[in-house]
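Visitor: So that you have it, the file is structure14.txt, and it contains compact mmCIF, C-alpha atoms:
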```txt
# COMPACT_ATOMS: atom_id res chain seq x y z
CA MET A 1 -9.06 -28.14 18.11
CA SER A 2 -7.86 -24.72 16.97
CA LYS A 3 -9.94 -21.71 16.04
CA ILE A 4 -9.28 -18.50 14.16
CA VAL A 5 -9.15 -15.29 16.18
CA LEU A 6 -9.53 -11.98 14.36
CA HIS A 7 -8.05 -8.94 16.12
CA LEU A 8 -9.89 -5.83 14.91
CA LYS A 9 -10.09 -2.24 16.03
CA ALA A 10 -12.94 -1.53 18.44
CA SER A 11 -15.11 0.38 15.96
CA ASP A 12 -15.17 -2.59 13.58
CA LEU A 13 -16.30 -5.24 16.05
CA GLN A 14 -20.04 -4.61 15.92
CA ASN A 15 -20.76 -3.92 12.25
CA GLY A 16 -20.87 -7.45 10.85
CA PHE A 17 -17.78 -7.03 8.67
CA ARG A 18 -19.46 -4.32 6.62
CA GLY A 19 -17.21 -2.05 4.57
CA ARG A 20 -14.50 -2.58 2.01
CA HIS A 21 -11.81 -2.48 4.67
CA LEU A 22 -13.32 -5.63 6.24
CA GLU A 23 -14.27 -7.52 3.09
CA PHE A 24 -11.65 -10.24 3.48
CA TYR A 25 -12.83 -11.06 7.02
CA ARG A 26 -16.41 -11.42 5.81
CA ILE A 27 -15.29 -13.84 3.10
CA LEU A 28 -13.02 -15.72 5.51
CA ASN A 29 -15.79 -16.06 8.09
CA ASP A 30 -18.16 -17.52 5.47
CA LEU A 31 -15.52 -19.93 4.14
CA MET A 32 -14.68 -21.21 7.60
CA ALA A 33 -18.34 -21.51 8.61
CA ALA A 34 -18.84 -23.84 5.64
CA HIS A 35 -16.24 -26.16 7.22
CA GLY A 36 -17.59 -25.82 10.75
CA ILE A 37 -14.50 -23.90 11.87
CA GLN A 38 -14.93 -21.30 14.59
CA VAL A 39 -13.97 -17.68 13.88
CA GLU A 40 -13.88 -15.34 16.86
CA SER A 41 -13.47 -11.56 16.78
CA ARG A 42 -11.68 -9.61 19.51
CA GLN A 43 -10.60 -6.04 20.01
CA ARG A 44 -7.01 -5.54 18.87
CA ASP A 45 -4.70 -5.04 21.85
CA GLY A 46 -3.85 -1.39 22.40
CA ASP A 47 -0.15 -2.05 22.84
CA ILE A 48 0.13 -3.54 19.33
CA ARG A 49 0.63 -0.33 17.40
CA ILE A 50 1.59 0.34 13.79
CA GLY A 51 5.26 0.39 14.78
CA THR A 52 5.13 -2.79 16.89
CA ARG A 53 7.18 -5.63 15.40
CA GLU A 54 7.69 -8.02 18.33
CA CYS A 55 5.42 -9.27 21.10
CA PRO A 56 6.87 -8.96 24.63
CA ASP A 57 4.94 -11.98 25.96
CA ASP A 58 3.32 -15.26 24.95
CA ARG A 59 -0.29 -14.04 24.68
CA PHE A 60 -0.72 -15.71 21.27
CA ASP A 61 0.67 -19.07 22.39
CA ASP A 62 -2.74 -20.67 22.94
CA GLY A 63 -2.94 -23.09 20.04
CA ASN A 64 -5.13 -20.80 17.92
CA LEU A 65 -4.38 -18.90 14.72
CA HIS A 66 -4.46 -15.15 15.33
CA ILE A 67 -5.03 -12.72 12.46
CA ILE A 68 -4.28 -9.10 13.33
CA ASP A 69 -5.84 -6.37 11.23
CA ASP A 70 -3.58 -3.66 9.78
CA ARG A 71 -0.49 -4.49 11.78
CA SER A 72 2.98 -5.95 11.18
CA LEU A 73 3.63 -8.14 14.21
CA ARG A 74 6.01 -11.08 13.89
CA ALA A 75 5.15 -13.84 16.33
CA PRO A 76 4.30 -17.55 16.35
CA ASN A 77 0.63 -18.29 15.60
CA VAL A 78 0.16 -14.79 14.11
CA LEU A 79 -0.68 -13.55 10.63
CA ASN A 80 -1.21 -9.92 9.67
CA ALA A 81 -3.93 -8.87 7.25
CA GLY A 82 -4.91 -5.74 5.39
CA ALA A 83 -6.08 -4.38 2.06
CA ALA A 84 -3.13 -4.07 -0.33
CA TYR A 85 -3.34 -0.55 -1.83
CA PHE A 86 -6.21 -1.33 -4.24
CA TRP A 87 -9.53 -2.61 -2.94
CA ARG A 88 -10.25 -6.31 -3.45
CA PHE A 89 -6.57 -7.25 -3.12
CA TRP A 90 -5.43 -8.32 0.33
CA GLN A 91 -2.31 -9.32 2.19
CA LEU A 92 -2.27 -12.20 4.69
CA ASP A 93 1.31 -12.33 5.83
CA PRO A 94 3.44 -13.47 8.78
CA GLN A 95 5.77 -10.48 8.37
CA GLY A 96 3.32 -7.61 8.03
CA VAL A 97 1.29 -5.53 5.65
CA LYS A 98 2.25 -2.99 2.99
CA ALA A 99 5.78 -1.67 3.64
CA PHE A 100 6.51 -4.55 6.01
CA SER A 101 5.01 -7.45 4.05
CA SER A 102 7.20 -10.34 2.95
CA THR A 103 6.90 -9.12 -0.65
CA GLY A 104 9.49 -6.50 0.22
CA THR A 105 12.17 -9.17 0.57
CA ALA A 106 10.92 -11.34 -2.29
CA SER A 107 12.88 -11.50 -5.53
CA TYR A 108 11.09 -10.18 -8.59
CA ASP A 109 11.65 -11.73 -12.01
CA PRO A 110 9.48 -10.46 -14.88
CA ALA A 111 9.75 -13.90 -16.45
CA GLU A 112 7.50 -15.22 -13.69
CA MET A 113 4.55 -13.33 -15.17
CA PRO A 114 3.51 -14.13 -18.77
CA LEU A 115 3.14 -10.91 -20.72
CA ARG A 116 -0.31 -11.79 -22.09
CA ARG A 117 -1.73 -12.38 -18.62
CA ALA A 118 -0.02 -9.26 -17.34
CA GLN A 119 -1.45 -7.14 -20.16
CA SER A 120 -4.97 -8.42 -19.48
CA PHE A 121 -4.65 -7.55 -15.80
CA PHE A 122 -3.17 -4.14 -16.60
CA ASP A 123 -5.99 -3.33 -19.04
CA ASN A 124 -8.63 -4.29 -16.46
CA MET A 125 -7.00 -2.06 -13.83
CA LEU A 126 -6.87 0.78 -16.35
CA LYS A 127 -10.62 0.53 -16.83
CA ARG A 128 -11.33 0.25 -13.13
CA TYR A 129 -9.18 3.15 -11.98
CA VAL A 130 -7.70 5.35 -14.70
CA GLN A 131 -10.55 5.50 -17.20
CA SER A 132 -13.12 5.87 -14.42
CA ARG A 133 -10.89 8.43 -12.60
CA LYS A 134 -11.25 6.45 -9.36
CA SER A 135 -8.81 5.94 -6.50
CA LYS A 136 -8.81 4.35 -3.05
CA TYR A 137 -10.11 7.61 -1.62
CA ALA A 138 -12.79 9.83 -3.15
CA GLN A 139 -11.48 12.18 -5.84
CA PRO A 140 -12.86 15.42 -7.31
CA ASP A 141 -14.89 14.91 -10.48
CA ALA A 142 -13.95 18.20 -12.15
CA PRO A 143 -10.90 17.74 -14.42
CA GLN A 144 -7.88 20.02 -13.97
CA ARG A 145 -4.93 20.65 -16.26
CA PHE A 146 -1.31 20.98 -15.16
CA PRO A 147 2.03 21.69 -16.84
CA LYS A 148 3.49 18.64 -18.54
CA ASP A 149 6.55 16.84 -17.15
CA ALA A 150 5.97 18.12 -13.63
CA ILE A 151 7.27 16.27 -10.58
CA SER A 152 4.32 15.14 -8.48
CA VAL A 153 4.76 14.93 -4.71
CA PHE A 154 2.19 13.07 -2.64
CA TYR A 155 2.00 13.53 1.11
CA GLN A 156 1.07 10.74 3.54
CA GLY A 157 1.01 12.45 6.93
CA ASP A 158 2.76 11.00 9.98
CA TYR A 159 1.91 7.34 9.34
CA PRO A 160 5.15 6.35 7.52
CA VAL A 161 7.32 7.87 10.26
CA THR A 162 5.22 6.43 13.09
CA SER A 163 5.24 2.98 11.52
CA GLY A 164 9.02 3.01 11.14
CA ALA A 165 8.98 3.02 7.34
CA THR A 166 11.00 6.24 7.12
CA SER A 167 12.55 9.05 9.13
CA THR A 168 11.77 11.61 6.42
CA THR A 169 8.75 13.88 6.85
CA ASP A 170 6.56 15.13 4.03
CA ILE A 171 8.07 18.61 4.29
CA GLU A 172 11.64 17.26 4.22
CA MET A 173 10.73 15.23 1.13
CA LEU A 174 9.36 18.32 -0.62
CA LYS A 175 12.48 20.32 0.21
CA ALA A 176 14.64 17.57 -1.28
CA VAL A 177 12.57 17.75 -4.46
CA GLN A 178 12.94 21.53 -4.53
CA ALA A 179 16.70 21.17 -4.35
CA GLY A 180 16.88 18.65 -7.20
CA ALA A 181 14.01 19.55 -9.53
CA GLY A 182 15.78 22.13 -11.62
CA ASP A 183 13.21 24.31 -13.38
CA ARG A 184 10.51 21.64 -13.51
CA PRO A 185 7.06 22.36 -12.04
CA ILE A 186 6.31 20.64 -8.73
CA LEU A 187 2.75 19.49 -7.98
CA VAL A 188 2.03 18.77 -4.31
CA LYS A 189 -1.07 16.91 -3.17
CA PRO A 190 -1.63 16.66 0.60
CA HIS A 191 -3.17 13.42 1.81
CA PRO A 192 -6.97 13.82 1.97
CA LEU A 193 -7.18 12.20 5.42
CA ALA A 194 -3.73 12.12 7.00
CA SER A 195 -2.00 15.44 6.27
CA ARG A 196 -1.70 17.78 9.24
CA ILE A 197 -2.80 21.40 9.05
CA PRO A 198 0.68 22.72 10.06
CA ASP A 199 2.26 20.76 7.19
CA ILE A 200 -0.25 22.12 4.70
CA ALA A 201 0.36 25.65 5.99
CA GLU A 202 4.14 25.24 5.65
CA THR A 203 3.71 23.86 2.14
CA LEU A 204 1.61 26.87 1.13
CA SER A 205 4.29 29.11 2.61
CA LEU A 206 6.98 27.37 0.53
CA ALA A 207 4.80 27.82 -2.55
CA GLU A 208 4.65 31.58 -1.96
CA THR A 209 8.43 31.83 -2.40
CA ASP A 210 8.87 29.11 -5.04
CA SER A 211 6.87 29.63 -8.23
CA ARG A 212 7.51 26.02 -9.28
CA ILE A 213 5.22 24.68 -6.54
CA THR A 214 1.49 24.20 -7.03
CA VAL A 215 -0.48 22.81 -4.10
CA THR A 216 -3.58 21.00 -5.29
CA ASP A 217 -6.36 18.63 -4.25
CA ALA A 218 -7.07 17.65 -7.85
CA ASN A 219 -8.03 14.17 -8.96
CA VAL A 220 -4.89 12.05 -8.74
CA HIS A 221 -5.31 10.93 -12.35
CA ASP A 222 -5.13 14.53 -13.60
CA ILE A 223 -1.86 14.91 -11.70
CA LEU A 224 -0.52 11.56 -12.90
CA SER A 225 -1.39 12.34 -16.50
CA ALA A 226 0.72 15.51 -16.37
CA CYS A 227 3.70 14.41 -14.31
CA CYS A 228 6.93 12.70 -15.34
CA VAL A 229 7.47 10.93 -11.98
CA THR A 230 5.72 10.39 -8.66
CA VAL A 231 7.47 11.15 -5.38
CA SER A 232 6.21 9.78 -2.07
CA ILE A 233 7.33 7.90 1.00
CA ASN A 234 5.62 4.70 -0.17
CA SER A 235 2.16 5.78 -1.34
CA THR A 236 -0.55 3.88 -3.20
CA VAL A 237 -0.31 6.71 -5.73
CA ALA A 238 3.05 5.33 -6.86
CA LEU A 239 1.24 2.18 -7.98
CA GLU A 240 -1.51 4.24 -9.59
CA GLY A 241 1.29 6.06 -11.37
CA PHE A 242 2.46 2.72 -12.77
CA LEU A 243 -0.96 2.46 -14.44
CA HIS A 244 -0.07 5.73 -16.18
CA ARG A 245 3.38 4.27 -16.93
CA LYS A 246 5.00 6.90 -14.72
CA PRO A 247 8.09 5.99 -12.67
CA ALA A 248 8.14 6.30 -8.90
CA ILE A 249 10.67 7.61 -6.39
CA LEU A 250 10.26 6.50 -2.78
CA PHE A 251 11.68 8.10 0.36
CA GLY A 252 10.85 5.16 2.61
CA ARG A 253 10.62 1.43 3.01
CA SER A 254 8.25 -0.25 0.59
CA ASP A 255 7.21 -3.72 -0.55
CA PHE A 256 6.99 -2.56 -4.19
CA HIS A 257 10.48 -1.07 -4.38
CA HIS A 258 11.44 -3.58 -7.09
CA LEU A 259 10.34 -1.16 -9.85
CA ALA A 260 11.01 2.15 -8.11
CA GLY A 261 13.88 4.45 -7.26
CA GLN A 262 14.72 4.70 -3.57
CA VAL A 263 16.12 7.75 -1.80
CA HIS A 264 17.93 6.87 1.40
CA ASP A 265 19.28 10.38 1.95
CA PRO A 266 17.44 13.52 0.74
CA GLN A 267 20.60 14.67 -1.04
CA GLU A 268 20.29 11.64 -3.35
CA PHE A 269 17.08 12.85 -4.95
CA ALA A 270 18.57 14.55 -8.01
CA THR A 271 20.65 11.47 -8.85
CA VAL A 272 17.74 9.06 -8.40
CA PHE A 273 15.44 11.35 -10.37
CA GLY A 274 17.91 11.52 -13.25
CA ARG A 275 17.94 7.73 -13.40
CA GLU A 276 14.28 6.91 -12.82
CA ARG A 277 12.72 9.41 -15.21
CA GLU A 278 14.07 7.31 -18.07
CA ARG A 279 12.16 4.20 -16.99
CA ASP A 280 9.43 3.52 -19.54
CA GLU A 281 8.61 -0.19 -19.40
CA GLY A 282 7.90 -3.13 -17.12
CA TYR A 283 4.80 -1.78 -15.40
CA GLU A 284 2.36 -4.38 -16.77
CA GLN A 285 4.31 -7.40 -15.56
CA PHE A 286 5.28 -5.93 -12.23
CA LEU A 287 1.73 -4.93 -11.27
CA ALA A 288 0.40 -8.35 -12.29
CA TRP A 289 3.17 -10.10 -10.32
CA TYR A 290 2.56 -7.98 -7.24
CA PHE A 291 -1.23 -8.19 -7.09
CA LEU A 292 -1.90 -11.63 -8.59
CA LYS A 293 1.03 -13.59 -7.15
CA ARG A 294 1.96 -11.73 -3.97
CA CYS A 295 -1.52 -10.67 -2.82
CA LEU A 296 -4.89 -12.39 -2.45
CA PRO A 297 -7.33 -11.26 -5.16
CA LEU A 298 -10.69 -11.68 -3.46
CA ASN A 299 -12.40 -12.63 -6.72
CA SER A 300 -9.95 -15.44 -7.48
CA ALA A 301 -11.34 -18.95 -7.99
CA ARG A 302 -8.30 -20.16 -6.02
CA LEU A 303 -8.82 -17.86 -3.03
CA GLU A 304 -9.71 -20.59 -0.53
CA GLN A 305 -6.86 -22.79 -1.73
CA ARG A 306 -4.38 -19.96 -1.31
CA ILE A 307 -5.71 -19.10 2.15
CA TRP A 308 -5.21 -22.69 3.29
CA GLN A 309 -1.68 -22.67 1.90
CA ILE A 310 -0.84 -19.55 3.93
CA PHE A 311 -2.44 -21.09 7.03
CA SER A 312 -0.48 -24.31 6.50
CA ASP A 313 2.79 -22.42 6.06
CA ALA A 314 2.07 -20.75 9.39
CA GLY A 315 1.67 -24.14 11.03
CA PHE A 316 -2.11 -24.40 10.76
CA PRO A 317 -3.14 -26.98 8.16
CA GLN A 318 -6.85 -27.65 7.86
CA SER A 319 -6.55 -30.72 10.09
CA ARG A 320 -5.73 -28.53 13.12
CA PHE A 321 -9.19 -26.99 12.96
CA MET A 322 -11.18 -30.19 12.47
```
Please re-express this file's structure in structure tokens.
Guide:
Amino acid sequence: MSKIVLHLKASDLQNGFRGRHLEFYRILNDLMAAHGIQVESRQRDGDIRIGTRECPDDRFDDGNLHIIDDRSLRAPNVLNAGAAYFWRFWQLDPQGVKAFSSTGTASYDPAEMPLRRAQSFFDNMLKRYVQSRKSKYAQPDAPQRFPKDAISVFYQGDYPVTSGATSTTDIEMLKAVQAGAGDRPILVKPHPLASRIPDIAETLSLAETDSRITVTDANVHDILSACCVTVSINSTVALEGFLHRKPAILFGRSDFHHLAGQVHDPQEFATVFGRERERDEGYEQFLAWYFLKRCLPLNSARLEQRIWQIFSDAGFPQSRFM
């Protein structure tokens, strides 16, 4: 009889699944307990890092279903799990999470998502995030005003490079924008948790010699309201920008590239910007498709059914646990 093994970071093992970043595991544990199915928690192996894609041994070949938190490991008996950009939407995926999830290779057809349902979802997300001025991370309350039609650049620190999603650093991305922005203002927001002090210092130095650049920690929604496009490696802010109906340009691998411009070489920025800034529709249906069809909404009445389908696809139908 199989069991479910959760692989969590050490600091999350003793807190009873408290916190938004563990909400799915709390729900999963309760659902499985109702069926008498064992769920065990272990410390995530230190050699399975954010850039690890393959397992060098057969450690997961024990007949159990292993769910690894915030990783993108491809191996038999393994699923990866993590919050998908907005709280209360999760990924449970054999390929990985975020940039490495299977959604990245999925085909997107707007016809798959009825416009009425998409509009309802979009309106609810507007209320939850834009109208309340909320984001995944805490934002300043005080409103700030910026020049209209600016290019907004959002840093993400070293994570995208370390994970293998890009080879472009935040500074290299900003310099590409400088070269292709023309006379447009450039708003730069360092990541509130991940940006390194040397990168912030270099950005401030660039701003001293380029009057177009404004470095700010303003509420993301003030920036998004003013800008004409978001630029990032593959940031959540690009999706928040979709709520403002602002196009996105990405400098790295992403699983929401279907409605974004992608820069594979920094010299391409001006060309991609010229094309993407004209995009003005499709955001409602894409966001609904991504979060309702490709993710697990934790408040869905079909959540348990969808979890069992993912388990079954991974070779673990309910009968294996009974």
Visitor: Counting all atoms listed in the file, which of A:Leu65, A:Val5, A:Ile200, A:Leu73 gets nearest to Gln43 of chain A?
Guide: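 Counting all atoms listed in the file, the residue closest to Gln43 of chain A is A:Val5.
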Visitor: So how far away is atom CA of Ala176 of chain A from atom CA of Pro147 of chain A, in Å?
Guide: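 Calculated distance between atom CA of Pro147 of chain A and atom CA of Ala176 of chain A is 20.4 Å.
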Visitor: Around the point (10.4, 16.1, -8.2) (coordinates from the file), which residues reach within 9 Å if we count all atoms listed in the file? Answer as a ChimeraX atom specification.
Guide: /A:150-153,174,176-182,184-187,228-231,249,269-270,273
Visitor: Closest to Val161 of chain A among A:Arg253, A:Arg145, A:His7, A:Arg196, using only C-alpha atoms?
Guide: A:Arg253
Visitor: What is the distance between atom CA of Arg133 of chain A and atom CA of Glu281 of chain A, in Å to one decimal?
Guide: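 Between these atoms lies a distance of 22.4 Å.
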Visitor: Go through A:Lys134, A:Lys3, A:Lys127, A:His21 and flag the residue nearest His66 of chain A, using all atoms listed in the file for the distances.
Guide: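 Among the listed residues, the smallest separation from His66 of chain A belongs to A:Lys3.
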Visitor: Which one of A:Glu240, A:Asp199, A:Asp313, A:Glu268 sits closest to Val78 of chain A if you count all atoms listed in the file?
Guide: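 Using all atoms listed in the file, Val78 of chain A sits closest to A:Asp313.
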Visitor: Identify which of the residues A:Gln305, A:Gln38, A:Gln285, A:Ser319 lies closest to Pro114 of chain A, counting all atoms listed in the file when measuring atom-to-atom distances.
Guide: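 That would be A:Gln285, the residue with the smallest distance to Pro114 of chain A.
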Visitor: For Cys295 of chain A, find every residue with an atom within 7 Å (counting all atoms listed in the file), except residues of its own chain fewer than 6 positions away, and show them as a PDB file with C-alpha atoms, in the coordinates of the input.
Guide:
```pdb
ATOM      1  CA  PHE A  89      -6.570  -7.250  -3.120  1.00  0.00           C
ATOM      2  CA  TRP A  90      -5.430  -8.320   0.330  1.00  0.00           C
ATOM      3  CA  GLN A  91      -2.310  -9.320   2.190  1.00  0.00           C
TER       4      GLN A  91
END
```
Visitor: Just checking: using only C-alpha atoms, which residue out of A:Arg59, A:His244, A:Arg53, A:His257 ends up closest to Arg71 of chain A?
Guide: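 Nearest to Arg71 of chain A: A:Arg53.
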Visitor: List every protein, DNA or RNA residue with an atom no more than 10 Å from (-11.2, 5.0, -3.5) in the file's coordinates, counting only C-alpha atoms, and format the result as a PyMOL selection string.
Guide: chain A and resi 20+85-87+129+133-139
Visitor: Record the distance separating atom CA of Ser72 of chain A and atom CA of Thr166 of chain A, expressed in Å with one decimal.
Guide: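 Separating atom CA of Ser72 of chain A from atom CA of Thr166 of chain A is a distance of 15.1 Å.
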Visitor: Taking 2 positions as the minimum chain separation for residues in the same chain, which residues sit within 9 Å of Arg294 of chain A when counting all atoms listed in the file? Answer as a list in words.
Guide: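 Close residues of Arg294 of chain A: Gln91, Ser102, Thr103, Trp289, Tyr290, Phe291, Leu292 and Leu296 of chain A.
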Visitor: Near Val215 of chain A, within 7 Å and counting all atoms listed in the file, which residues show up once chain neighbours fewer than 4 positions away are dropped, as a list in words?
Guide: Leu187, Val188, Lys189 and Leu204 of chain A
Visitor: Env of Pro247 of chain A: 7 Å cut, atoms = all atoms listed in the file, seq-sep filter 4 positions within chain, self excluded. Answer as a list in words.
Guide: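 Answer for this query is Val229, Thr230, Gly241, Phe242, Ala260, Glu276, Arg277 and Arg279 of chain A.
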